[in-house]
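Student: Provided herewith: entry.pdb, PDB, C-alpha atoms and all ligand atoms.
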ATOM      1  CA  MET A  19     102.631  69.033 101.242
ATOM      2  CA  SER A  20     104.911  70.301  98.463
ATOM      3  CA  ASN A  21     106.606  73.663  98.843
ATOM      4  CA  PRO A  22     104.775  76.563  97.180
ATOM      5  CA  ALA A  23     106.308  78.030  94.022
ATOM      6  CA  PRO A  24     108.791  80.812  94.797
ATOM      7  CA  ALA A  25     107.418  84.341  94.521
ATOM      8  CA  PRO A  26     108.263  86.501  91.470
ATOM      9  CA  VAL A  27     110.686  88.623  93.456
ATOM     10  CA  ALA A  28     114.340  89.448  92.725
ATOM     11  CA  VAL A  29     116.096  90.237  95.983
ATOM     12  CA  ALA A  30     118.723  92.954  95.405
ATOM     13  CA  LEU A  31     121.873  91.644  97.097
ATOM     14  CA  ASP A  32     123.389  95.080  97.679
ATOM     15  CA  ALA A  33     125.768  93.773 100.339
ATOM     16  CA  PRO A  34     129.097  95.194 101.514
ATOM     17  CA  ASP A  35     130.812  91.803 101.129
ATOM     18  CA  LEU A  36     130.392  88.429  99.476
ATOM     19  CA  GLU A  37     129.768  86.522 102.704
ATOM     20  CA  THR A  38     126.792  88.719 103.559
ATOM     21  CA  ALA A  39     125.400  88.489 100.013
ATOM     22  CA  ALA A  40     125.724  84.679  99.991
ATOM     23  CA  ARG A  41     124.064  84.458 103.428
ATOM     24  CA  TRP A  42     121.140  86.620 102.256
ATOM     25  CA  ALA A  43     120.830  84.515  99.095
ATOM     26  CA  GLY A  44     120.683  81.324 101.151
ATOM     27  CA  LEU A  45     118.018  82.763 103.462
ATOM     28  CA  VAL A  46     115.691  84.100 100.754
ATOM     29  CA  THR A  47     116.109  81.436  98.077
ATOM     30  CA  PRO A  48     113.371  79.103  99.311
ATOM     31  CA  HIS A  49     110.838  81.937  99.030
ATOM     32  CA  VAL A  50     111.778  83.961  95.931
ATOM     33  CA  SER A  51     112.546  83.064  92.332
ATOM     34  CA  THR A  52     115.549  85.319  91.745
ATOM     35  CA  VAL A  53     118.491  87.131  93.312
ATOM     36  CA  LYS A  54     119.969  90.279  91.805
ATOM     37  CA  ILE A  55     123.711  90.893  91.606
ATOM     38  CA  GLY A  56     124.507  94.525  90.916
ATOM     39  CA  LEU A  57     127.553  96.498  89.886
ATOM     40  CA  GLU A  58     128.964  96.871  93.390
ATOM     41  CA  LEU A  59     129.218  93.166  94.130
ATOM     42  CA  TYR A  60     130.255  92.247  90.567
ATOM     43  CA  LEU A  61     133.010  94.842  90.362
ATOM     44  CA  ARG A  62     134.367  94.006  93.799
ATOM     45  CA  TYR A  63     134.474  90.219  93.422
ATOM     46  CA  GLY A  64     134.434  89.634  89.661
ATOM     47  CA  PRO A  65     132.609  86.988  87.627
ATOM     48  CA  GLU A  66     133.076  84.289  90.302
ATOM     49  CA  VAL A  67     130.485  86.083  92.384
ATOM     50  CA  VAL A  68     127.752  84.593  90.192
ATOM     51  CA  ALA A  69     128.685  80.973  90.970
ATOM     52  CA  SER A  70     129.220  81.811  94.650
ATOM     53  CA  ILE A  71     125.755  83.279  94.944
ATOM     54  CA  ARG A  72     123.973  80.742  92.799
ATOM     55  CA  GLY A  73     125.571  77.883  94.733
ATOM     56  CA  ALA A  74     123.723  74.645  94.421
ATOM     57  CA  SER A  75     120.301  76.231  94.924
ATOM     58  CA  GLY A  76     119.424  76.795  91.278
ATOM     59  CA  VAL A  77     117.995  80.232  92.105
ATOM     60  CA  ARG A  78     117.682  82.473  89.047
ATOM     61  CA  VAL A  79     120.430  85.089  88.789
ATOM     62  CA  PHE A  80     119.681  88.604  87.579
ATOM     63  CA  LEU A  81     122.964  90.273  86.590
ATOM     64  CA  ASP A  82     122.158  93.966  86.805
ATOM     65  CA  LEU A  83     125.186  95.460  85.034
ATOM     66  CA  LYS A  84     123.213  98.101  83.084
ATOM     67  CA  LEU A  85     125.542  97.963  80.076
ATOM     68  CA  HIS A  86     125.758 101.236  78.141
ATOM     69  CA  ASP A  87     128.387 101.622  75.405
ATOM     70  CA  ILE A  88     128.826 101.367  71.652
ATOM     71  CA  PRO A  89     127.303  98.200  70.138
ATOM     72  CA  ALA A  90     130.626  96.384  69.654
ATOM     73  CA  THR A  91     131.608  96.932  73.270
ATOM     74  CA  VAL A  92     128.187  95.945  74.580
ATOM     75  CA  ALA A  93     128.405  92.778  72.442
ATOM     76  CA  GLY A  94     131.818  91.949  73.898
ATOM     77  CA  ALA A  95     130.658  92.581  77.450
ATOM     78  CA  ALA A  96     127.482  90.524  76.993
ATOM     79  CA  ARG A  97     129.521  87.699  75.453
ATOM     80  CA  ALA A  98     131.917  87.821  78.393
ATOM     81  CA  VAL A  99     129.151  87.411  80.953
ATOM     82  CA  ALA A 100     127.018  84.992  78.898
ATOM     83  CA  ARG A 101     129.313  82.138  79.974
ATOM     84  CA  LEU A 102     128.155  82.788  83.556
ATOM     85  CA  ARG A 103     124.629  81.859  82.397
ATOM     86  CA  PRO A 104     122.762  84.705  84.090
ATOM     87  CA  ASP A 105     119.015  84.367  83.663
ATOM     88  CA  LEU A 106     118.650  88.125  83.203
ATOM     89  CA  LEU A 107     121.088  90.822  82.084
ATOM     90  CA  THR A 108     120.392  94.555  81.896
ATOM     91  CA  VAL A 109     121.425  97.069  79.235
ATOM     92  CA  HIS A 110     120.423 100.731  79.036
ATOM     93  CA  ALA A 111     117.752 101.292  76.394
ATOM     94  CA  ILE A 112     119.136 104.780  75.809
ATOM     95  CA  GLY A 113     122.212 103.076  74.285
ATOM     96  CA  GLY A 114     120.079 102.516  71.195
ATOM     97  CA  PRO A 115     118.661  99.603  69.193
ATOM     98  CA  ASP A 116     122.008  98.436  67.790
ATOM     99  CA  ALA A 117     123.510  98.077  71.262
ATOM    100  CA  ILE A 118     120.422  96.221  72.523
ATOM    101  CA  ARG A 119     120.443  93.930  69.491
ATOM    102  CA  ALA A 120     124.160  93.289  70.022
ATOM    103  CA  ALA A 121     123.549  92.196  73.628
ATOM    104  CA  VAL A 122     120.653  89.937  72.618
ATOM    105  CA  GLN A 123     122.749  88.238  69.951
ATOM    106  CA  ALA A 124     125.786  87.876  72.213
ATOM    107  CA  ALA A 125     123.868  86.306  75.114
ATOM    108  CA  PRO A 126     121.343  83.963  73.490
ATOM    109  CA  GLY A 127     120.592  81.974  76.663
ATOM    110  CA  THR A 128     119.870  85.067  78.735
ATOM    111  CA  THR A 129     116.858  87.365  78.871
ATOM    112  CA  VAL A 130     118.206  90.795  77.996
ATOM    113  CA  ALA A 131     116.210  93.453  79.837
ATOM    114  CA  ALA A 132     116.459  97.095  78.807
ATOM    115  CA  VAL A 133     116.424  99.748  81.511
ATOM    116  CA  THR A 134     114.125 102.570  80.426
ATOM    117  CA  ILE A 135     114.558 105.616  82.684
ATOM    118  CA  LEU A 136     116.126 105.121  86.104
ATOM    119  CA  THR A 137     113.667 105.734  88.907
ATOM    120  CA  SER A 138     116.210 108.128  90.412
ATOM    121  CA  GLN A 139     115.847 110.473  87.418
ATOM    122  CA  SER A 140     113.249 113.221  87.525
ATOM    123  CA  GLU A 141     111.446 115.241  84.878
ATOM    124  CA  THR A 142     113.931 118.056  85.579
ATOM    125  CA  ASP A 143     116.925 115.775  84.974
ATOM    126  CA  LEU A 144     115.503 114.755  81.600
ATOM    127  CA  ALA A 145     114.691 118.343  80.616
ATOM    128  CA  ARG A 146     118.210 119.480  81.552
ATOM    129  CA  ALA A 147     119.617 116.714  79.359
ATOM    130  CA  GLY A 148     117.475 117.999  76.476
ATOM    131  CA  MET A 149     115.182 114.963  76.399
ATOM    132  CA  ALA A 150     111.800 116.280  75.363
ATOM    133  CA  GLY A 151     108.515 114.690  76.329
ATOM    134  CA  GLY A 152     108.995 113.952  80.028
ATOM    135  CA  VAL A 153     109.511 110.681  81.860
ATOM    136  CA  HIS A 154     106.321 108.917  80.767
ATOM    137  CA  ASP A 155     106.704 109.539  77.042
ATOM    138  CA  THR A 156     110.421 108.793  77.134
ATOM    139  CA  VAL A 157     109.845 105.496  78.937
ATOM    140  CA  MET A 158     107.188 104.511  76.402
ATOM    141  CA  ARG A 159     109.410 105.381  73.441
ATOM    142  CA  LEU A 160     112.406 103.521  74.897
ATOM    143  CA  ALA A 161     110.266 100.488  75.752
ATOM    144  CA  GLY A 162     108.955 100.167  72.189
ATOM    145  CA  LEU A 163     112.381 100.711  70.708
ATOM    146  CA  ALA A 164     114.031  98.142  73.002
ATOM    147  CA  VAL A 165     111.448  95.434  72.311
ATOM    148  CA  ALA A 166     111.652  96.068  68.568
ATOM    149  CA  ALA A 167     115.436  95.564  68.898
ATOM    150  CA  GLY A 168     114.926  92.169  70.534
ATOM    151  CA  ALA A 169     114.878  92.857  74.285
ATOM    152  CA  ARG A 170     112.591  90.347  75.989
ATOM    153  CA  GLY A 171     112.563  92.262  79.276
ATOM    154  CA  LEU A 172     112.150  95.868  80.387
ATOM    155  CA  VAL A 173     112.913  97.625  83.664
ATOM    156  CA  CYS A 174     110.522 100.424  84.575
ATOM    157  CA  SER A 175     108.929 101.942  87.660
ATOM    158  CA  PRO A 176     105.673 100.508  89.021
ATOM    159  CA  HIS A 177     104.071 103.801  88.006
ATOM    160  CA  GLU A 178     104.731 103.155  84.313
ATOM    161  CA  VAL A 179     104.295  99.403  84.230
ATOM    162  CA  ALA A 180     100.604  99.352  83.238
ATOM    163  CA  ALA A 181     101.174 101.669  80.278
ATOM    164  CA  VAL A 182     104.284  99.754  79.226
ATOM    165  CA  ARG A 183     102.384  96.447  79.451
ATOM    166  CA  ALA A 184      99.655  97.861  77.224
ATOM    167  CA  GLU A 185     102.303  98.925  74.733
ATOM    168  CA  VAL A 186     104.439  95.779  74.541
ATOM    169  CA  GLY A 187     101.921  92.987  75.134
ATOM    170  CA  PRO A 188     101.943  90.034  77.488
ATOM    171  CA  ASP A 189     105.161  88.256  76.566
ATOM    172  CA  ILE A 190     107.766  90.774  77.648
ATOM    173  CA  THR A 191     109.110  90.350  81.180
ATOM    174  CA  LEU A 192     108.454  93.585  83.055
ATOM    175  CA  ILE A 193     110.717  94.196  86.023
ATOM    176  CA  THR A 194     109.944  96.879  88.592
ATOM    177  CA  PRO A 195     112.200  98.272  91.323
ATOM    178  CA  GLY A 196     110.782 100.792  93.802
ATOM    179  CA  VAL A 197     108.612  98.189  95.526
ATOM    180  CA  ARG A 198     107.747  98.561  99.197
ATOM    181  CA  PRO A 199     105.425  96.459 101.372
ATOM    182  CA  ALA A 200     102.778  98.644 103.033
ATOM    183  CA  GLY A 201     104.267 100.521 105.980
ATOM    184  CA  ALA A 202     107.913  99.869 105.009
ATOM    185  CA  ASP A 203     110.535 102.622 104.858
ATOM    186  CA  ASN A 204     110.822 104.114 101.349
ATOM    187  CA  HIS A 205     114.567 104.807 101.781
ATOM    188  CA  ASP A 206     115.732 106.749  98.692
ATOM    189  CA  GLN A 207     113.001 105.417  96.381
ATOM    190  CA  ALA A 208     110.781 108.291  95.298
ATOM    191  CA  ARG A 209     107.940 106.570  93.414
ATOM    192  CA  VAL A 210     106.992 103.356  95.129
ATOM    193  CA  ALA A 211     104.193 100.803  95.036
ATOM    194  CA  THR A 212     103.382  97.769  97.163
ATOM    195  CA  PRO A 213     104.229  94.323  95.756
ATOM    196  CA  GLU A 214     100.530  93.639  95.189
ATOM    197  CA  GLU A 215      99.994  96.937  93.359
ATOM    198  CA  ALA A 216     103.016  96.357  91.119
ATOM    199  CA  LEU A 217     101.861  92.849  90.153
ATOM    200  CA  ARG A 218      98.294  94.011  89.549
ATOM    201  CA  ALA A 219      99.638  96.752  87.273
ATOM    202  CA  GLY A 220     101.336  94.108  85.137
ATOM    203  CA  ALA A 221     104.810  93.528  86.578
ATOM    204  CA  ASP A 222     106.352  90.070  86.254
ATOM    205  CA  LEU A 223     109.299  90.424  88.598
ATOM    206  CA  LEU A 224     109.594  92.755  91.581
ATOM    207  CA  VAL A 225     113.035  94.012  92.607
ATOM    208  CA  ILE A 226     113.053  94.306  96.394
ATOM    209  CA  GLY A 227     116.207  95.011  98.364
ATOM    210  CA  ARG A 228     116.338  96.724 101.729
ATOM    211  CA  PRO A 229     112.852  95.787 102.982
ATOM    212  CA  ILE A 230     114.135  92.186 102.870
ATOM    213  CA  THR A 231     117.896  92.431 103.367
ATOM    214  CA  GLY A 232     117.605  95.122 106.065
ATOM    215  CA  ALA A 233     115.097  93.078 108.089
ATOM    216  CA  PRO A 234     116.265  91.326 111.255
ATOM    217  CA  ASP A 235     115.433  88.026 109.539
ATOM    218  CA  PRO A 236     115.682  88.355 105.719
ATOM    219  CA  GLY A 237     114.312  84.832 105.246
ATOM    220  CA  ALA A 238     111.200  85.644 107.263
ATOM    221  CA  ALA A 239     110.740  88.971 105.439
ATOM    222  CA  ALA A 240     110.955  87.235 102.043
ATOM    223  CA  ALA A 241     108.557  84.513 103.226
ATOM    224  CA  ALA A 242     106.027  87.130 104.382
ATOM    225  CA  ILE A 243     106.088  88.936 101.023
ATOM    226  CA  ALA A 244     105.790  85.618  99.161
ATOM    227  CA  ALA A 245     102.817  84.603 101.322
ATOM    228  CA  SER A 246     101.033  87.902 100.716
ATOM    229  CA  LEU A 247     101.515  87.561  96.937
ATOM    230  CA  ARG A 248     100.133  84.016  97.070
ATOM    231  CA  ARG A 249      97.097  85.260  99.003
ATOM    232  CA  MET A 250      96.552  87.895  96.344
ATOM    233  CA  ALA A 251      96.805  85.310  93.535
ATOM    234  CA  LEU A 252      94.308  83.044  95.281
ATOM    235  CA  ALA A 253      91.897  85.922  95.935
ATOM    236  CA  VAL A 254      92.010  86.917  92.260
ATOM    237  CA  LEU A 255      91.363  83.346  91.152
ATOM    238  CA  SER A 256      88.568  82.819  93.669
ATOM    239  CA  ARG A 257      86.853  85.949  92.322
ATOM    240  CA  GLY A 258      87.006  84.269  88.926
ATOM    241  CA  ASN A 259      89.176  87.034  87.531
ATOM    242  CA  PRO A 260      92.438  85.415  86.470
ATOM    243  CA  ARG A 261      92.856  88.191  83.888
ATOM    244  CA  ALA A 262      94.465  90.324  86.598
ATOM    245  CA  LEU A 263      97.330  87.827  86.684
ATOM    246  CA  ARG A 264      97.277  87.091  82.983
ATOM    247  CA  SER A 265     100.204  89.187  81.974
ATOM    248  CA  ARG A 266     102.488  87.865  84.688
ATOM    249  CA  CYS A 267     101.569  84.281  83.998
ATOM    250  CA  GLY A 268     101.901  84.729  80.256
ATOM    251  CA  SER A 269      98.844  83.098  78.696
ATOM    252  CA  GLY A 270     100.193  84.186  75.314
ATOM    253  CA  ARG A 271      96.668  85.172  74.266
ATOM    254  CA  ILE A 272      96.450  88.538  72.565
ATOM    255  CA  THR A 273      93.942  90.534  74.555
ATOM    256  CA  GLY A 274      92.391  93.946  74.178
ATOM    257  CA  ARG A 275      95.137  95.433  76.252
ATOM    258  CA  ALA A 276      97.761  94.337  73.787
ATOM    259  CA  SER A 277      95.743  94.743  70.632
ATOM    260  CA  GLY A 278      97.291  98.112  69.882
ATOM    261  CA  ARG A 279     100.667  96.468  69.784
ATOM    262  CA  ARG A 280     103.013  97.740  67.105
ATOM    263  CA  ASP A 281     104.952  95.225  65.073
ATOM    264  CA  LEU A 282     107.456  94.109  67.661
ATOM    265  CA  GLY A 283     108.507  90.914  65.950
ATOM    266  CA  PRO A 284     107.383  87.337  66.572
ATOM    267  CA  ARG A 285     106.017  86.425  69.983
ATOM    268  CA  PRO A 286     108.024  83.688  71.668
ATOM    269  CA  VAL A 287     106.299  80.911  73.570
ATOM    270  CA  PRO A 288     105.962  82.319  77.095
ATOM    271  CA  ALA A 289     108.117  80.583  79.671
ATOM    272  CA  SER A 290     106.409  79.274  82.780
ATOM    273  CA  ARG A 291     106.661  81.896  85.470
ATOM    274  CA  PRO A 292     107.403  81.324  89.120
ATOM    275  CA  GLY A 293     104.543  82.109  91.470
ATOM    276  CA  CYS A 294     101.863  81.581  88.845
ATOM    277  CA  PRO A 295      99.021  79.332  89.885
TER     278      PRO A 295
HETATM  279  O1  LIG B   1     114.435  97.803  97.395
HETATM  280  P1  LIG B   1     115.647  98.661  97.270
HETATM  281  O2  LIG B   1     115.337 100.134  97.162
HETATM  282  O3  LIG B   1     116.698  98.402  98.317
HETATM  283  O4  LIG B   1     116.274  98.196  95.872
HETATM  284  C1  LIG B   1     117.340  98.878  95.342
HETATM  285  C2  LIG B   1     117.824  98.089  94.170
HETATM  286  O5  LIG B   1     117.007  98.346  93.032
HETATM  287  C3  LIG B   1     119.236  98.482  93.806
HETATM  288  O6  LIG B   1     119.955  97.264  93.539
HETATM  289  C4  LIG B   1     119.093  99.283  92.565
HETATM  290  O7  LIG B   1     120.162  99.105  91.654
HETATM  291  C5  LIG B   1     117.820  98.725  91.953
HETATM  292  N1  LIG B   1     117.191  99.646  91.031
HETATM  293  C6  LIG B   1     116.513 100.789  91.437
HETATM  294  N2  LIG B   1     115.956 101.639  90.512
HETATM  295  C7  LIG B   1     116.069 101.354  89.217
HETATM  296  C8  LIG B   1     116.761 100.208  88.801
HETATM  297  C9  LIG B   1     117.293  99.371  89.746
HETATM  298  O8  LIG B   1     116.407 101.076  92.630
HETATM  299  N3  LIG B   1     115.496 102.149  88.336
END
If you convert what's in this file into structure tokens, what do you get?
Ligand code: C5P
Tutor:
Amino acid sequence: MSNPAPAPVAVALDAPDLETAARWAGLVTPHVSTVKIGLELYLRYGPEVVASIRGASGVRVFLDLKLHDIPATVAGAARAVARLRPDLLTVHAIGGPDAIRAAVQAAPGTTVAAVTILTSQSETDLARAGMAGGVHDTVMRLAGLAVAAGARGLVCSPHEVAAVRAEVGPDITLITPGVRPAGADNHDQARVATPEEALRAGADLLVIGRPITGAPDPGAAAAAIAASLRRMALAVLSRGNPRALRSRCGSGRITGRASGRRDLGPRPVPASRPGCP
């Protein structure tokens, strides 16, 4: 029997050293589509960390550098990392459309994903910074702005993902951190959802760190999450309701949910997505 498709999960390799990160990557790679390299690992070990982690496995690499600077500097930074061929690269949407556009143009082979509002930021934080409208409205505004500037991915909390999906349509890759299997420790994540809830709400890629990397056997933890997502996909299909998975699997069809879409530019042909039946 052939191996099942890897689950749409990006394992956050927030490791203290490269050896640990590479070991985690090796253990989870058969079960998940993507590994996420963040600022800590990248700044400690430099660009070579990407090749070390990717190895020969071909796992997708999500370079979560959250670039935030003037457009020329963001362009230079995106160009510098584009040669590493990350599959995903993050920029802060709050940096503005010109900075997002600069990253998109500088890294043509990479999906540039714009971070809306960090899940660590509260309504109070936004109010203190003078950002009117609260988290929900700010996320929605930033999502529309980022997609109009060319971002093909967005990072948002599972609590906003359904509204963002309705706003941006089916072809934008929605990435959600703050995902916890039922019964798992929330750690410092305030607004969490289970992997199944996040996918049902419209997420394409779930960022999961400590519930996998902190488990006694990270490979087994990743395999268990992948198996539960497969069960969910099969249950949805057997109920004859593939629409629940439509957004993640990118049918490209414009549905009612996306019909209120503003002019966000041409829709690209959706790429095939891991974990889709
Ligand atoms: O699953 P866990 O809480 O360990 O995942 C934490 C990872 O998710 C970290 O790498 C962090 O950078 C990332 N992340 C987050 N909240 C965001 C964006 C990214 O927790 N809004």
Student: Mind giving me the straight-line distance from CA of Ala124 in chain A to CA of Val157 in chain A in Å, one decimal?
Tutor: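 Answer for the CA of Ala124 in chain A to CA of Val157 in chain A separation: 24.7 Å.
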Student: Please give me, as JSON, numbers by chain, the residues lying within 7 Å of ligand LIG 1 (chain B) when counting all atoms listed in the file.
Tutor: {"A": [30, 31, 32, 56, 135, 136, 137, 138, 173, 174, 175, 195, 196, 197, 198, 205, 206, 207, 225, 226, 227, 228, 229]}
Student: Quick check, in Å to one decimal: how far apart do CA of His49 in chain A and CA of Pro104 in chain A lie?
Tutor: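 If I compute the distance from CA of His49 in chain A to CA of Pro104 in chain A, I get 19.3 Å.
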Student: Compile the contact shell of Arg159 in chain A as a list in words: residues with an atom at most 10 Å away, counting all atoms listed in the file, same-chain residues fewer than 6 positions apart removed.
Tutor: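 Skipping anything fewer than 6 positions along the chain leaves Ala111, Thr134, Gly151, Val153, Val182 and Glu185 of chain A.
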Student: Nearest residue to Lys54 in chain A out of A:Asp105, A:Glu141, A:Glu178, A:Asp35, using all atoms listed in the file?
Tutor: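 Among the listed residues, the smallest separation from Lys54 in chain A belongs to A:Asp105.
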Student: Here is a test: counting only C-alpha atoms, which residue of A:Gly76, A:Pro213, A:Gly171, A:Pro26 is nearest to His110 in chain A?
Tutor: A:Gly171
Student: Smallest atom-to-atom distance to Ala166 in chain A: which of A:Ala132, A:Leu192, A:Ala145, A:Ala43, using all atoms listed in the file?
Tutor: A:Ala132
Student: Between A:Ile112, A:Pro126, A:Ala219, A:Arg62, which residue has the minimum interatomic distance to Thr156 in chain A, considering all atoms listed in the file?
Tutor: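 Looking at the shortest contact to Thr156 in chain A, the residue is A:Ile112.
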Student: How would you write, as a list in words, the residues chosen by the PyMOL selection byres (((chain A and resi 241) around 9) and not hetatm) on this structure?
Tutor: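 Applying the PyMOL selection byres (((chain A and resi 241) around 9) and not hetatm) to the structure shown produces Ala25, Val46, Pro48, His49, Val50, Pro236, Gly237, Ala238, Ala239, Ala240, Ala242, Ile243, Ala244, Ala245 and Ser246 of chain A.
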Student: Identify which of the residues A:Ala181, A:Ala90, A:Val109, A:Ala98 lies closest to Gly162 in chain A, counting all atoms listed in the file when measuring atom-to-atom distances.
Tutor: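 Nearest to Gly162 in chain A: A:Ala181.
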Student: How far is it from CA of Asp189 in chain A to CA of Arg218 in chain A, in Å with one decimal?
Tutor: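 Pair CA of Asp189 in chain A / CA of Arg218 in chain A returns 15.8 Å.
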Student: Check the smallest atom-to-atom distance from each of A:Pro176, A:Gly64, A:Leu217, A:Gly168 to His154 in chain A using only C-alpha atoms, then report the winner.
Tutor: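 Checking each candidate against His154 in chain A, we get A:Pro176 as the closest.
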Student: Please, which residues are within 7 Å of (121.9, 96.1, 85.5) by the file's coordinates, counting only C-alpha atoms, and could they come as a PDB file with C-alpha atoms, in the coordinates of the input?
Tutor:
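Output file out-v2.pdb follows:
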ATOM      1  CA  GLY A  56     124.507  94.525  90.916  1.00  0.00           C
ATOM      2  CA  LEU A  81     122.964  90.273  86.590  1.00  0.00           C
ATOM      3  CA  ASP A  82     122.158  93.966  86.805  1.00  0.00           C
ATOM      4  CA  LEU A  83     125.186  95.460  85.034  1.00  0.00           C
ATOM      5  CA  LYS A  84     123.213  98.101  83.084  1.00  0.00           C
ATOM      6  CA  LEU A  85     125.542  97.963  80.076  1.00  0.00           C
ATOM      7  CA  LEU A 107     121.088  90.822  82.084  1.00  0.00           C
ATOM      8  CA  THR A 108     120.392  94.555  81.896  1.00  0.00           C
ATOM      9  CA  VAL A 109     121.425  97.069  79.235  1.00  0.00           C
TER      10      VAL A 109
END
Student: Quick one: residues within 7 Å of Pro115 in chain A, all atoms listed in the file, excluding same-chain residues fewer than 3 positions away - as a list in words?
Tutor: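 Everything that qualifies: Ile118, Arg119, Leu163, Ala164 and Ala167 of chain A.
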Student: Evaluate the PyMOL selection byres (((chain A and resi 183) around 10) and not hetatm) on the structure here and hand back the selected residues as a ChimeraX atom specification.
Tutor: /A:158,161,172,178-182,184-192,219-221,265,275-276,279
